[in-house]
$ cat target.csv   # CSV, C-alpha atoms
chain,number,residue,atom,x,y,z
T,465,MET,CA,8.1,34.3,-24.5
T,466,PRO,CA,6.9,32.1,-27.4
T,467,GLN,CA,4.2,29.6,-26.6
T,468,SER,CA,6.6,26.7,-27.6
T,469,LYS,CA,9.0,27.7,-24.9
T,470,LEU,CA,6.3,28.0,-22.3
T,471,LEU,CA,4.9,24.6,-22.9
T,472,PRO,CA,7.7,22.4,-21.5
T,473,PRO,CA,7.9,24.1,-18.1
T,474,LEU,CA,4.1,24.2,-17.9
T,475,LEU,CA,3.9,20.5,-18.6
T,476,THR,CA,6.6,19.7,-16.1
T,477,ILE,CA,5.0,21.8,-13.3
T,478,THR,CA,1.6,20.3,-14.0
T,479,ALA,CA,3.0,16.7,-13.8
T,480,LEU,CA,4.9,17.4,-10.6
T,481,CYS,CA,1.7,18.9,-9.0
T,482,ALA,CA,-0.1,15.7,-10.1
T,483,PHE,CA,2.6,13.6,-8.3
T,484,ALA,CA,2.1,15.7,-5.2
T,485,ALA,CA,-1.6,15.2,-5.4
T,486,ASN,CA,-1.1,11.5,-5.8
T,487,SER,CA,0.9,11.4,-2.6
T,488,VAL,CA,-1.8,13.3,-0.7
T,489,LEU,CA,-4.6,10.9,-2.0
T,490,CYS,CA,-2.6,7.8,-1.1
T,491,ARG,CA,-1.8,9.2,2.4
T,492,LEU,CA,-5.5,10.0,3.0
T,493,ALA,CA,-6.7,6.6,1.8
T,494,LEU,CA,-4.1,4.4,3.5
T,495,GLY,CA,-3.4,6.6,6.5
T,496,GLU,CA,-7.0,6.6,7.6
T,497,ASN,CA,-7.4,2.9,6.8
T,498,THR,CA,-10.3,3.5,4.4
T,499,ILE,CA,-8.9,0.9,2.0
T,500,ASP,CA,-6.2,-1.7,2.0
T,501,PRO,CA,-3.0,-1.2,-0.1
T,502,ALA,CA,-3.8,-4.1,-2.5
T,503,SER,CA,-7.3,-2.8,-3.2
T,504,PHE,CA,-6.0,0.8,-3.6
T,505,THR,CA,-3.5,-0.4,-6.2
T,506,VAL,CA,-6.0,-2.4,-8.1
T,507,VAL,CA,-8.6,0.4,-8.2
T,508,ARG,CA,-5.9,3.0,-9.0
T,509,LEU,CA,-4.6,1.1,-12.0
T,510,ILE,CA,-7.9,-0.2,-13.4
T,511,SER,CA,-9.6,3.2,-13.1
T,512,GLY,CA,-6.7,4.9,-14.8
T,513,ALA,CA,-6.8,2.3,-17.6
T,514,LEU,CA,-10.5,2.8,-18.2
T,515,ALA,CA,-10.1,6.6,-18.3
T,516,LEU,CA,-7.2,6.5,-20.7
T,517,GLY,CA,-9.0,4.0,-22.9
T,518,ILE,CA,-12.0,6.3,-23.2
T,519,ILE,CA,-9.7,9.3,-23.9
T,520,VAL,CA,-7.8,7.4,-26.7
T,521,MET,CA,-11.1,6.2,-28.3
T,522,LEU,CA,-12.5,9.8,-28.2
T,523,ARG,CA,-9.3,11.2,-29.7
T,524,SER,CA,-9.4,8.4,-32.4
T,525,ASN,CA,-12.9,9.3,-33.4
T,526,ALA,CA,-12.2,13.0,-33.5
T,527,SER,CA,-8.6,12.8,-34.8
T,528,SER,CA,-7.4,16.0,-36.4
T,529,SER,CA,-4.3,16.7,-38.6
T,530,SER,CA,-3.8,19.9,-36.6
T,531,THR,CA,-2.9,18.1,-33.4
T,532,THR,CA,0.7,17.7,-32.4
T,533,GLU,CA,0.1,14.0,-31.6
T,534,THR,CA,-1.7,11.8,-34.1
T,535,ILE,CA,-3.8,9.0,-32.7
T,536,SER,CA,-4.6,6.1,-35.1
T,537,LYS,CA,-8.2,5.6,-36.1
T,538,GLN,CA,-8.0,1.9,-35.3
T,539,SER,CA,-10.0,0.6,-32.3
T,540,PHE,CA,-8.0,0.7,-29.1
T,541,ASN,CA,-6.3,-2.6,-28.5
T,542,PRO,CA,-3.6,-2.7,-25.8
T,543,SER,CA,-2.2,-6.0,-27.1
T,544,GLN,CA,-1.8,-4.7,-30.6
T,545,LYS,CA,1.8,-3.9,-31.7
T,546,PRO,CA,1.9,-0.4,-33.1
T,547,THR,CA,3.6,0.3,-36.4
T,548,GLY,CA,6.0,3.0,-37.3
T,549,THR,CA,9.3,4.2,-35.8
T,550,GLN,CA,7.9,6.4,-33.1
T,551,THR,CA,6.1,3.8,-31.0
T,552,GLY,CA,9.0,1.9,-29.4
T,553,LEU,CA,7.7,2.4,-25.9
T,554,ALA,CA,4.3,0.7,-26.6
T,555,ARG,CA,6.0,-2.4,-28.1
T,556,THR,CA,7.4,-3.7,-24.9
T,557,TRP,CA,6.0,-4.8,-21.6
T,558,LEU,CA,8.8,-3.2,-19.6
T,559,ALA,CA,7.0,0.1,-18.9
T,560,PRO,CA,3.7,-1.6,-17.8
T,561,ILE,CA,5.6,-4.0,-15.5
T,562,MET,CA,7.5,-1.1,-14.0
T,563,LEU,CA,4.3,0.9,-13.6
T,564,PHE,CA,2.7,-2.0,-11.7
T,565,THR,CA,5.8,-2.6,-9.6
T,566,TYR,CA,6.0,1.0,-8.7
T,567,ALA,CA,2.3,1.2,-7.7
T,568,ILE,CA,2.2,-2.0,-5.6
T,569,SER,CA,5.5,-1.4,-3.9
T,570,PHE,CA,4.5,2.2,-3.1
T,571,SER,CA,1.2,1.3,-1.6
T,572,PHE,CA,2.5,-1.6,0.6
T,573,ALA,CA,5.6,0.4,1.7
T,574,TYR,CA,3.4,3.2,3.2
T,575,VAL,CA,1.8,0.6,5.5
T,576,SER,CA,5.0,0.6,7.5
T,577,LEU,CA,6.6,3.9,6.7
T,578,ASP,CA,5.7,7.4,7.7
T,579,THR,CA,5.1,9.9,4.9
T,580,ALA,CA,8.4,11.8,5.3
T,581,THR,CA,10.6,8.8,5.4
T,582,GLY,CA,8.8,7.1,2.5
T,583,ALA,CA,9.1,10.2,0.3
T,584,LEU,CA,12.8,10.6,1.1
T,585,ILE,CA,13.5,7.0,0.2
T,586,LEU,CA,11.4,7.1,-3.0
T,587,PHE,CA,12.6,10.3,-4.5
T,588,ALA,CA,16.3,9.8,-3.5
T,589,THR,CA,16.1,6.4,-5.1
T,590,VAL,CA,14.5,7.8,-8.3
T,591,GLN,CA,17.2,10.5,-8.6
T,592,PHE,CA,20.2,8.2,-8.1
T,593,SER,CA,18.7,5.4,-10.2
T,594,MET,CA,18.1,7.7,-13.2
T,595,LEU,CA,21.5,9.3,-12.9
T,596,GLY,CA,23.2,5.9,-12.4
T,597,ILE,CA,21.4,4.3,-15.4
T,598,ASN,CA,22.4,7.4,-17.5
T,599,LEU,CA,26.0,7.0,-16.4
T,600,LEU,CA,26.0,3.3,-17.3
T,601,ASN,CA,24.7,4.2,-20.7
T,602,GLY,CA,27.8,6.3,-21.3
T,603,THR,CA,26.6,9.8,-20.4
T,604,LYS,CA,29.1,11.9,-18.5
T,605,LEU,CA,27.8,14.5,-16.0
T,606,ARG,CA,29.5,17.8,-15.9
T,607,ALA,CA,30.7,19.2,-12.6
T,608,VAL,CA,27.8,21.7,-12.4
T,609,GLU,CA,25.3,18.8,-12.8
T,610,TRP,CA,27.0,16.9,-9.9
T,611,LEU,CA,26.9,20.1,-7.9
T,612,GLY,CA,23.2,20.6,-8.7
T,613,ALA,CA,22.4,17.0,-7.7
T,614,MET,CA,24.1,17.3,-4.4
T,615,VAL,CA,22.6,20.7,-3.6
T,616,SER,CA,19.1,19.5,-4.4
T,617,LEU,CA,19.4,16.3,-2.5
T,618,SER,CA,20.7,18.2,0.6
T,619,GLY,CA,17.7,20.5,0.4
T,620,PHE,CA,15.4,17.5,0.1
T,621,ALA,CA,17.0,15.8,3.0
T,622,LEU,CA,16.7,19.0,5.1
T,623,LEU,CA,13.0,19.2,4.2
T,624,MET,CA,12.1,15.5,5.0
T,625,LEU,CA,14.5,14.3,7.7
T,626,PRO,CA,13.4,16.4,10.7
T,627,GLY,CA,10.0,14.5,10.7
T,628,ALA,CA,11.4,11.2,9.7
T,629,THR,CA,11.6,8.1,11.9
T,630,GLN,CA,13.8,5.0,11.7
T,631,PRO,CA,12.2,3.1,8.8
T,632,SER,CA,11.3,-0.6,8.9
T,633,LEU,CA,13.6,-2.7,6.8
T,634,PHE,CA,10.6,-4.2,4.9
T,635,GLY,CA,9.1,-0.8,4.1
T,636,PHE,CA,12.6,0.6,3.1
T,637,ILE,CA,13.1,-2.3,0.7
T,638,LEU,CA,9.7,-1.9,-0.9
T,639,MET,CA,10.1,1.9,-1.3
T,640,VAL,CA,13.5,1.4,-2.9
T,641,ILE,CA,12.0,-1.1,-5.4
T,642,SER,CA,9.2,1.5,-6.1
T,643,GLY,CA,11.8,4.2,-6.7
T,644,ILE,CA,13.8,2.0,-9.1
T,645,ALA,CA,10.7,1.0,-11.0
T,646,TRP,CA,9.5,4.6,-11.3
T,647,ALA,CA,13.0,5.7,-12.5
T,648,ILE,CA,12.9,3.0,-15.3
T,649,TYR,CA,9.4,4.0,-16.2
T,650,THR,CA,10.5,7.6,-16.5
T,651,LEU,CA,13.5,6.7,-18.6
T,652,GLU,CA,11.3,4.7,-20.9
T,653,GLY,CA,9.1,7.7,-21.3
T,654,LYS,CA,11.8,9.7,-22.9
T,655,ARG,CA,11.3,7.4,-26.0
T,656,SER,CA,7.6,8.3,-26.2
T,657,PHE,CA,6.3,10.3,-29.2
T,658,GLN,CA,2.7,9.5,-28.4
T,659,PRO,CA,2.3,10.2,-24.7
T,660,VAL,CA,-1.5,9.6,-24.5
T,661,ARG,CA,-1.5,6.4,-26.4
T,662,ASN,CA,1.7,5.1,-24.8
T,663,THR,CA,0.4,5.8,-21.3
T,664,ALA,CA,-2.9,4.2,-22.1
T,665,VAL,CA,-1.1,1.1,-23.4
T,666,ASN,CA,1.0,1.0,-20.2
T,667,PHE,CA,-2.0,1.2,-18.0
T,668,TRP,CA,-4.0,-1.4,-20.0
T,669,ARG,CA,-1.1,-3.8,-19.9
T,670,SER,CA,-0.9,-3.4,-16.2
T,671,VAL,CA,-4.5,-4.6,-15.8
T,672,PRO,CA,-3.7,-8.4,-15.9
T,673,PHE,CA,-1.2,-7.8,-13.1
T,674,ALA,CA,-3.8,-5.9,-11.1
T,675,VAL,CA,-6.3,-8.7,-11.6
T,676,ALA,CA,-3.8,-11.2,-10.4
T,677,LEU,CA,-3.1,-9.0,-7.4
T,678,LEU,CA,-6.9,-8.8,-6.7
T,679,ILE,CA,-7.3,-12.6,-6.8
T,680,ALA,CA,-4.3,-13.0,-4.4
T,681,ALA,CA,-5.6,-10.4,-2.1
T,682,LEU,CA,-9.0,-12.0,-1.9
T,683,LEU,CA,-7.4,-15.4,-1.1
T,684,TYR,CA,-4.6,-14.4,1.3
T,685,LEU,CA,-4.9,-10.8,2.5
T,686,PRO,CA,-7.4,-8.9,4.7
T,687,ILE,CA,-9.6,-6.6,2.5
T,688,THR,CA,-10.7,-3.2,3.7
T,689,LEU,CA,-13.1,-1.2,1.5
T,690,SER,CA,-15.1,2.0,2.0
T,691,THR,CA,-16.7,4.5,-0.3
T,692,GLN,CA,-14.2,7.1,0.7
T,693,GLY,CA,-11.3,4.8,0.1
T,694,ILE,CA,-12.6,3.7,-3.4
T,695,LEU,CA,-13.2,7.4,-4.4
T,696,LEU,CA,-9.7,8.4,-3.3
T,697,ALA,CA,-8.2,5.5,-5.3
T,698,VAL,CA,-10.2,6.4,-8.3
T,699,ALA,CA,-9.1,10.0,-8.0
T,700,SER,CA,-5.5,8.8,-7.7
T,701,GLY,CA,-5.9,6.5,-10.7
T,702,VAL,CA,-7.8,8.8,-13.1
T,703,VAL,CA,-6.4,12.3,-12.3
T,704,ALA,CA,-3.1,12.0,-10.5
T,705,SER,CA,-1.9,8.9,-12.2
T,706,ALA,CA,-3.4,8.4,-15.7
T,707,LEU,CA,-3.6,12.1,-16.7
T,708,GLY,CA,-0.5,13.1,-14.6
T,709,TYR,CA,1.7,10.4,-16.2
T,710,THR,CA,0.5,11.3,-19.7
T,711,ILE,CA,1.5,14.9,-19.0
T,712,TRP,CA,4.8,13.7,-17.6
T,713,TYR,CA,5.6,11.7,-20.7
T,714,SER,CA,4.8,14.8,-22.8
T,715,ALA,CA,7.2,16.8,-20.7
T,716,LEU,CA,10.0,14.3,-20.8
T,717,ARG,CA,10.7,15.0,-24.4
T,718,HIS,CA,11.9,18.4,-23.4
T,719,LEU,CA,14.0,17.4,-20.3
T,720,THR,CA,17.5,16.0,-19.9
T,721,VAL,CA,17.7,12.9,-17.8
T,722,THR,CA,19.4,14.8,-15.0
T,723,LEU,CA,16.8,17.6,-15.0
T,724,ALA,CA,14.0,15.0,-15.1
T,725,ALA,CA,15.5,13.3,-12.0
T,726,LEU,CA,16.1,16.4,-10.1
T,727,SER,CA,12.8,18.1,-10.9
T,728,GLN,CA,11.0,15.2,-9.1
T,729,LEU,CA,12.6,16.3,-5.8
T,730,THR,CA,10.2,19.3,-5.9
T,731,VAL,CA,7.2,17.0,-5.3
T,732,PRO,CA,7.5,16.9,-1.5
T,733,LEU,CA,8.1,20.7,-1.5
T,734,ILE,CA,4.9,21.2,-3.5
T,735,ALA,CA,3.1,18.9,-1.1
T,736,ALA,CA,4.4,21.0,1.8
T,737,ILE,CA,3.2,24.2,0.2
T,738,GLY,CA,-0.1,22.5,-0.3
T,739,GLY,CA,-0.2,21.8,3.4
T,740,LEU,CA,0.5,25.4,4.1
T,741,LEU,CA,-2.3,26.7,1.8
T,742,TRP,CA,-5.0,24.1,2.4
T,743,VAL,CA,-4.3,22.3,5.7
T,744,GLY,CA,-3.2,25.3,7.7
T,745,GLU,CA,0.4,24.3,8.4
T,746,THR,CA,2.8,27.0,9.3
T,747,LEU,CA,5.6,28.3,7.1
T,748,THR,CA,8.9,27.5,8.7
T,749,SER,CA,12.5,28.6,8.1
T,750,ASN,CA,13.3,24.9,7.4
T,751,LEU,CA,10.8,24.9,4.5
T,752,ILE,CA,12.2,28.1,3.1
T,753,LEU,CA,15.8,27.0,3.3
T,754,SER,CA,15.2,23.5,2.0
T,755,GLY,CA,13.0,24.8,-0.9
T,756,SER,CA,15.8,27.3,-1.8
T,757,LEU,CA,18.3,24.4,-1.9
T,758,ILE,CA,16.1,22.2,-4.0
T,759,LEU,CA,15.2,24.9,-6.6
T,760,GLY,CA,18.8,26.2,-6.6
T,761,GLY,CA,20.2,22.8,-7.5
T,762,ILE,CA,17.7,22.4,-10.3
T,763,PHE,CA,18.6,25.9,-11.5
T,764,LEU,CA,22.2,24.9,-11.7
T,765,VAL,CA,21.2,22.0,-14.1
T,766,ILE,CA,18.9,24.2,-16.1
T,767,ILE,CA,21.5,26.8,-16.9
T,768,ARG,CA,24.2,24.4,-18.0
T,769,PRO,CA,25.2,24.4,-21.6
T,770,GLY,CA,25.0,21.2,-23.6
T,771,VAL,CA,22.8,18.8,-25.5
T,772,LYS,CA,19.9,17.0,-24.0
T,773,THR,CA,20.5,13.4,-23.1

$ encode --input "target.csv" --output "structure tokens"
Amino acid sequence: MPQSKLLPPLLTITALCAFAANSVLCRLALGENTIDPASFTVVRLISGALALGIIVMLRSNASSSSTTETISKQSFNPSQKPTGTQTGLARTWLAPIMLFTYAISFSFAYVSLDTATGALILFATVQFSMLGINLLNGTKLRAVEWLGAMVSLSGFALLMLPGATQPSLFGFILMVISGIAWAIYTLEGKRSFQPVRNTAVNFWRSVPFAVALLIAALLYLPITLSTQGILLAVASGVVASALGYTIWYSALRHLTVTLAALSQLTVPLIAAIGGLLWVGETLTSNLILSGSLILGGIFLVIIRPGVKT
């Protein structure tokens, strides 16, 4: 298979693994009370912004005409309006606002939700938000896409519901907000022709919101900090978020909206497999069946004919 055909699935798989890693890091940090959700969000966003700023500046200094993505030799300035026709994403504040909204809602929701329930609410919301927005924009789904969506969602529900508990209304609302924000952020990413720079701009523009959150937390919220919690938040910000989201924006150029939505349903499955390999959890028939349904639904979307949306 040509390298050009291998790249999109490799990018997608890598990004989805980063999402799963992000969930694990967040669960470890908040579940063990090593850091409060506001501080986790602040450290996550600022560390990601710093890492991406360094990457962009290094790429700018060592820019090469042979790369598939050209970074301007200007100094990195997140408030600067890029020129050209391929930088629409970085011109607006929509993506940074959605990034911050996703991150803060995600962290605070998990204070009152267990992992299974939170993941189900988040990724179900992401899928239906993306498909709903796509339908509102005039895209018509074929019968096989509807079938694939239903099959994947049923597998996801089978994977998550047995361990889920009745969610709190507050946590449910926050996770729905987080899912909608991530869906919009993902749809904005389909316009990205410069994934590294666009993701860097998004993170840098989220910093003022993170600083405002930090001030509010110091004034009105209980603060919990530990070395372990800070390190987990930094790992989440630099590796699972900043780098993972850059890879995701690169992958989105090769995915339909439907496939981008459905593929994210594999994240809990990847996390479950990670638990099997590294935490010593057992392989159950429920995991095998739900995984087959999730991947089978995605396969139905992959094989459909048609033009990418």

$ residues_around --input "target.csv" --residues "segment 560-565 of chain T" --least-positions-apart "5" --cutoff "7 Å" --atoms "only C-alpha atoms" --output "CSV table (one decimal) with C-alpha atoms, in the frame of the given file"
chain,number,residue,atom,x,y,z
T,642,SER,CA,9.2,1.5,-6.1
T,645,ALA,CA,10.7,1.0,-11.0
T,646,TRP,CA,9.5,4.6,-11.3
T,648,ILE,CA,12.9,3.0,-15.3
T,649,TYR,CA,9.4,4.0,-16.2
T,666,ASN,CA,1.0,1.0,-20.2
T,667,PHE,CA,-2.0,1.2,-18.0
T,669,ARG,CA,-1.1,-3.8,-19.9
T,670,SER,CA,-0.9,-3.4,-16.2

$ atom_distance --input "target.csv" --atom1 "atom CA of Met521 of chain T" --atom2 "atom CA of Leu489 of chain T"
27.5 Å

$ atom_distance --input "target.csv" --atom1 "atom CA of Ala485 of chain T" --atom2 "atom CA of Asn497 of chain T"
18.3 Å

$ residues_around --input "target.csv" --residues "Leu638 of chain T" --least-positions-apart "6" --cutoff "9 Å" --atoms "only C-alpha atoms" --output "mmCIF file with C-alpha atoms, keeping the file's coordinate frame"
data_model
loop_
_atom_site.group_PDB
_atom_site.id
_atom_site.type_symbol
_atom_site.label_atom_id
_atom_site.label_comp_id
_atom_site.auth_asym_id
_atom_site.auth_seq_id
_atom_site.Cartn_x
_atom_site.Cartn_y
_atom_site.Cartn_z
ATOM 1 C CA ILE T 568 2.200 -2.000 -5.600
ATOM 2 C CA SER T 569 5.500 -1.400 -3.900
ATOM 3 C CA PHE T 570 4.500 2.200 -3.100
ATOM 4 C CA PHE T 572 2.500 -1.600 0.600
ATOM 5 C CA ALA T 573 5.600 0.400 1.700
#

$ residues_around --input "target.csv" --residues "Leu494 of chain T" --least-positions-apart "2" --cutoff "10 Å" --atoms "all atoms listed in the file" --output "list of chain:residue names"
T:Leu489, T:Cys490, T:Arg491, T:Leu492, T:Glu496, T:Asn497, T:Thr498, T:Ile499, T:Asp500, T:Pro501, T:Phe504, T:Ser571, T:Phe572, T:Tyr574, T:Val575, T:Gly693, T:Leu696, T:Ala697

$ atom_distance --input "target.csv" --atom1 "atom CA of Ile510 of chain T" --atom2 "atom CA of Arg655 of chain T"
24.2 Å

$ closest_residue --input "target.csv" --among "T:Leu509, T:Ile679, T:Ile734, T:Ala567" --to "Ala699 of chain T" --atoms "only C-alpha atoms"
T:Leu509

$ residues_around --input "target.csv" --residues "Leu716 of chain T" --least-positions-apart "4" --cutoff "9 Å" --atoms "all atoms listed in the file" --output "list in words"
Pro472, Leu475, Thr476, Thr650, Leu651, Gly653, Lys654, Arg655, Ser656, Ile711, Trp712, Thr720, Val721 and Ala724 of chain T

$ residues_around --input "target.csv" --residues "Leu729 of chain T" --least-positions-apart "4" --cutoff "8 Å" --atoms "all atoms listed in the file" --output "list of chain:residue names"
T:Phe587, T:Ala588, T:Gln591, T:Ser616, T:Leu617, T:Phe620, T:Ala725, T:Leu733, T:Ile758

$ closest_residue --input "target.csv" --among "T:Ser756, T:Ala706, T:Thr581, T:Gly612" --to "Ala482 of chain T" --atoms "all atoms listed in the file"
T:Ala706

$ closest_residue --input "target.csv" --among "T:Leu586, T:Ile694, T:Val615, T:Leu522" --to "Ile641 of chain T" --atoms "all atoms listed in the file"
T:Leu586
